[in-house]
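Each remark here refers to the structure printed beneath this line.
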Amino acid sequence: MRAATYSGKVDPPRLVVGEVGTPEPGPGEVLVKILYTGVNPIDYWIASGRYPLDPPKRIVGSEASGIVVDVGDGVNRLKKGMQVSIYPWIHCGECEECREGHENLCLRGGIVGGVVDGTYAEYVKLPEKNVYEAGGEPEIQATAGVSALTAKHAVNRALELCIEKALVYGASGNVGMYIVQYLAKAGIDVAAVTRKDWVSGLGASRVVPPGDVKQLIDEWGEPDLIINPLGGKLLAESLIIVKRHGYVMTFGGLTSMDIPGGVAPIYRRETSLIGVTGGTIQEFKDVLRDLERGVVKPRIWRIYSLDQAGEALNSLFSRERDGKILIRMSG
Ligand SMILES: [Zn+2]
């Protein structure tokens, strides 16, 4: 099969597209022919070696739609020809986190494209429990496993809290665009921080560029929840604008992994910090249903070919990027 492989030692990453062996499914595994794969920052961190893996795999990619083309012994739920989407967290199914339905926190797990070869390839071999039937448009279902799932999980955590107003940084990002939609549908008053005008169509009551956040707070009041997928720099800002005894939710470290300003702003406002990562299998099934029914939808900016995989990955951080990036595997 053809695949984009990386060395793990080059930053920015360099992907090489060529022939590699097509995997064969063993007992309990399925082979999926990839239709579309989503491009995410995690792919970049892994392919550049910034996210050290031991031993590194050859192929990144955690998010994809496809068709089941072969099944190993003992596979019952999935059949050849089914259209599917990939749940990206490899999990044992037996540890205390898995038994409680927190597959994203499996004690022996890891992400597809990190601990096993990923989806920047014509085929991927995965355990049956990482593959779920997904109806509707395969371009849309290719955004389920990382973008929509992370958003669903973050918003489910948010809705456990007593909140009325939420401010979302990175609102036009892969995850942010889904967070805004899910929060607004749940009746939360959402302010979206982004330069992209199209976010106003996702249900936010206010859309402001990053430089106008303080002015927004003066007019709108302090939010009880701030969701920040962009890392340390904006986490520091979040901690000084969140309402007292409010919540700051964080994932990803795009701007920096450190928190400038130290810990004092956290205790002075009695702020609760909440980390989120990925989502559970139940949430993934809910996401597939939501995407099939159009409850939430992605804005897809550009679809690259497999031959352009390197360009696709490096365009993640381009200024002109304006929505989700996909790679189409054939045609
Ligand atoms: Zn486990």
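Ordering of the structure tokens sets the chain letters (A, B, ...); residue numbers start at 1 within each chain; ligands are numbered from 1 in the order shown.
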Exercise answer, 6 Å around ligand 1 with only C-alpha atoms and all ligand atoms, as a PyMOL selection string:
chain A and resi 91-95+97-98+106-108
Check which residues of segment 102-172 of chain A sit at most 12 Å from segment 199-204 of chain A using only C-alpha atoms, and return one row each with the closest pair of atoms and their distance in Å to one decimal, ordered by chain and rising number, as CSV.
```
residue,atom,partner,partner_atom,distance
A:Lys165,CA,A:Ala204,CA,10.6
A:Ala166,CA,A:Ala204,CA,9.6
A:Leu167,CA,A:Ala204,CA,9.4
A:Val168,CA,A:Ala204,CA,9.5
A:Tyr169,CA,A:Val199,CA,11.8
A:Gly170,CA,A:Val199,CA,10.5
A:Ala171,CA,A:Val199,CA,7.2
A:Ser172,CA,A:Val199,CA,6.4
```
Atom CA of Pro260 of chain A sits from atom CA of Gly176 of chain A at a separation of 22.6 Å
| field | Backbone DSSP call of alpha helix (DSSP H) for segment 51-274 of chain A, listed as a ChimeraX atom specification | value | /A:96-99,138-141,149-159,176-185,213-220,232-241,264-268
Selection file, N, CA and C atoms, as a compact mmCIF listing (two decimals), in the first residue's frame:
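Writing the result to part.txt gives the following:
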```
# COMPACT_ATOMS: atom_id res chain seq x y z
N GLU A 96 -8.77 -0.48 35.33
CA GLU A 96 -9.85 0.17 36.08
C GLU A 96 -10.46 1.34 35.32
N GLU A 97 -9.65 2.06 34.54
CA GLU A 97 -10.21 3.17 33.75
C GLU A 97 -11.11 2.65 32.63
N CYS A 98 -10.67 1.62 31.93
CA CYS A 98 -11.49 1.04 30.85
C CYS A 98 -12.79 0.48 31.42
N ARG A 99 -12.71 -0.19 32.56
CA ARG A 99 -13.92 -0.81 33.13
C ARG A 99 -14.94 0.26 33.52
N PRO A 138 -18.49 10.60 4.36
CA PRO A 138 -17.19 10.19 4.93
C PRO A 138 -16.24 11.35 5.21
N GLU A 139 -16.38 12.47 4.45
CA GLU A 139 -15.54 13.64 4.75
C GLU A 139 -15.85 14.14 6.17
N ILE A 140 -17.12 14.14 6.51
CA ILE A 140 -17.52 14.65 7.81
C ILE A 140 -17.15 13.66 8.91
N GLN A 141 -17.38 12.37 8.66
CA GLN A 141 -17.05 11.36 9.69
C GLN A 141 -15.54 11.24 9.91
N LEU A 149 -14.80 14.50 18.83
CA LEU A 149 -14.80 13.73 20.09
C LEU A 149 -14.23 14.55 21.24
N THR A 150 -13.13 15.23 21.02
CA THR A 150 -12.54 16.05 22.08
C THR A 150 -13.54 17.12 22.53
N ALA A 151 -14.24 17.71 21.55
CA ALA A 151 -15.23 18.74 21.87
C ALA A 151 -16.39 18.15 22.67
N LYS A 152 -16.88 17.00 22.24
CA LYS A 152 -18.01 16.37 22.94
C LYS A 152 -17.65 16.10 24.40
N HIS A 153 -16.44 15.56 24.60
CA HIS A 153 -16.00 15.24 25.95
C HIS A 153 -15.84 16.51 26.80
N ALA A 154 -15.24 17.52 26.21
CA ALA A 154 -15.06 18.79 26.95
C ALA A 154 -16.42 19.38 27.34
N VAL A 155 -17.36 19.37 26.41
CA VAL A 155 -18.66 19.97 26.70
C VAL A 155 -19.44 19.10 27.69
N ASN A 156 -19.32 17.79 27.60
CA ASN A 156 -19.98 16.94 28.61
C ASN A 156 -19.44 17.26 30.02
N ARG A 157 -18.13 17.46 30.12
CA ARG A 157 -17.55 17.84 31.42
C ARG A 157 -18.08 19.21 31.85
N ALA A 158 -18.18 20.13 30.89
CA ALA A 158 -18.65 21.49 31.21
C ALA A 158 -20.09 21.47 31.71
N LEU A 159 -20.91 20.60 31.13
CA LEU A 159 -22.33 20.59 31.48
C LEU A 159 -22.59 19.93 32.83
N GLY A 176 -12.35 23.64 18.58
CA GLY A 176 -13.12 24.82 18.99
C GLY A 176 -14.43 24.98 18.23
N MET A 177 -14.40 24.72 16.91
CA MET A 177 -15.62 24.90 16.10
C MET A 177 -16.74 23.96 16.58
N TYR A 178 -16.37 22.79 17.05
CA TYR A 178 -17.38 21.85 17.58
C TYR A 178 -17.80 22.23 19.01
N ILE A 179 -16.86 22.74 19.80
CA ILE A 179 -17.19 23.14 21.17
C ILE A 179 -18.24 24.24 21.15
N VAL A 180 -18.05 25.23 20.29
CA VAL A 180 -19.01 26.33 20.21
C VAL A 180 -20.41 25.78 19.88
N GLN A 181 -20.49 24.87 18.92
CA GLN A 181 -21.80 24.33 18.51
C GLN A 181 -22.44 23.53 19.65
N TYR A 182 -21.66 22.67 20.29
CA TYR A 182 -22.24 21.83 21.36
C TYR A 182 -22.68 22.68 22.56
N LEU A 183 -21.87 23.68 22.93
CA LEU A 183 -22.25 24.52 24.07
C LEU A 183 -23.52 25.31 23.75
N ALA A 184 -23.56 25.90 22.55
CA ALA A 184 -24.72 26.72 22.19
C ALA A 184 -25.99 25.87 22.15
N LYS A 185 -25.87 24.65 21.63
CA LYS A 185 -27.06 23.77 21.57
C LYS A 185 -27.53 23.38 22.96
N VAL A 213 -10.59 40.75 23.87
CA VAL A 213 -11.18 39.95 24.94
C VAL A 213 -11.48 40.79 26.18
N LYS A 214 -10.54 41.68 26.55
CA LYS A 214 -10.76 42.46 27.78
C LYS A 214 -11.96 43.40 27.62
N GLN A 215 -12.10 43.98 26.44
CA GLN A 215 -13.26 44.84 26.16
C GLN A 215 -14.55 44.03 26.21
N LEU A 216 -14.50 42.82 25.68
CA LEU A 216 -15.66 41.93 25.73
C LEU A 216 -16.09 41.68 27.18
N ILE A 217 -15.11 41.42 28.05
CA ILE A 217 -15.43 41.12 29.45
C ILE A 217 -16.09 42.33 30.12
N ASP A 218 -15.59 43.53 29.78
CA ASP A 218 -16.19 44.75 30.35
C ASP A 218 -17.68 44.84 30.00
N GLU A 219 -18.03 44.46 28.79
CA GLU A 219 -19.42 44.59 28.34
C GLU A 219 -20.29 43.40 28.75
N TRP A 220 -19.74 42.22 28.62
CA TRP A 220 -20.51 40.96 28.72
C TRP A 220 -20.47 40.40 30.15
N GLY A 232 -0.37 27.54 27.24
CA GLY A 232 -0.02 28.33 28.40
C GLY A 232 -0.30 29.81 28.32
N LYS A 233 0.04 30.45 27.21
CA LYS A 233 -0.08 31.91 27.14
C LYS A 233 -1.52 32.34 27.40
N LEU A 234 -2.46 31.68 26.74
CA LEU A 234 -3.86 32.06 26.92
C LEU A 234 -4.43 31.48 28.21
N LEU A 235 -3.78 30.47 28.76
CA LEU A 235 -4.22 29.97 30.06
C LEU A 235 -3.98 31.05 31.12
N ALA A 236 -2.84 31.73 31.02
CA ALA A 236 -2.56 32.83 31.96
C ALA A 236 -3.61 33.91 31.84
N GLU A 237 -3.99 34.25 30.61
CA GLU A 237 -5.03 35.27 30.42
C GLU A 237 -6.37 34.78 30.98
N SER A 238 -6.67 33.50 30.74
CA SER A 238 -7.93 32.92 31.24
C SER A 238 -8.04 33.08 32.75
N LEU A 239 -6.93 32.87 33.44
CA LEU A 239 -6.96 32.86 34.91
C LEU A 239 -7.25 34.23 35.52
N ILE A 240 -7.02 35.29 34.74
CA ILE A 240 -7.29 36.62 35.31
C ILE A 240 -8.61 37.22 34.81
N ILE A 241 -9.30 36.53 33.90
CA ILE A 241 -10.59 37.07 33.44
C ILE A 241 -11.77 36.18 33.79
N ALA A 264 -0.55 31.99 41.56
CA ALA A 264 -1.35 32.88 42.41
C ALA A 264 -2.75 33.18 41.84
N PRO A 265 -2.87 33.48 40.53
CA PRO A 265 -4.21 33.79 40.02
C PRO A 265 -5.20 32.63 40.21
N ILE A 266 -4.70 31.42 40.31
CA ILE A 266 -5.60 30.27 40.49
C ILE A 266 -6.25 30.32 41.87
N TYR A 267 -5.41 30.51 42.92
CA TYR A 267 -6.02 30.46 44.27
C TYR A 267 -6.70 31.77 44.67
N ARG A 268 -6.23 32.87 44.10
CA ARG A 268 -6.85 34.15 44.49
C ARG A 268 -8.32 34.22 44.07
```
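Candidate residues A:Thr194, A:Thr37, A:Asn76, A:Ser65 were compared for distance to Asp322 of chain A, and the nearest is A:Thr194, using only C-alpha atoms.
We find atom CA of Arg50 of chain A and atom CA of Tyr87 of chain A to be spaced 23.3 Å apart.
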- Query: Could you pull out the strand (DSSP E or B) residues of segment 50-180 of chain A from DSSP and send them as JSON, numbers by chain?
  - Reply: {"A": [64, 65, 66, 67, 68, 69, 70, 71, 83, 84, 85, 86, 89, 90, 110, 111, 112, 116, 121, 123, 124, 125, 126, 127, 131, 132, 133, 165, 166, 167, 168]}
>> Could you list, as JSON, numbers by chain, every residue within 8 Å of Tyr304 of chain A, counting only C-alpha atoms and ignoring same-chain residues fewer than 6 positions away?
In response: {"A": [312, 325, 326, 327, 328]}
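Look at Tyr247 of chain A: the protein and nucleic acid residues within 8 Å of it, using only C-alpha atoms and passing over chain neighbours fewer than 6 places away, are Asp224, Leu225, Ile226, Thr271, Ser272, Leu273 and Ile274 of chain A.
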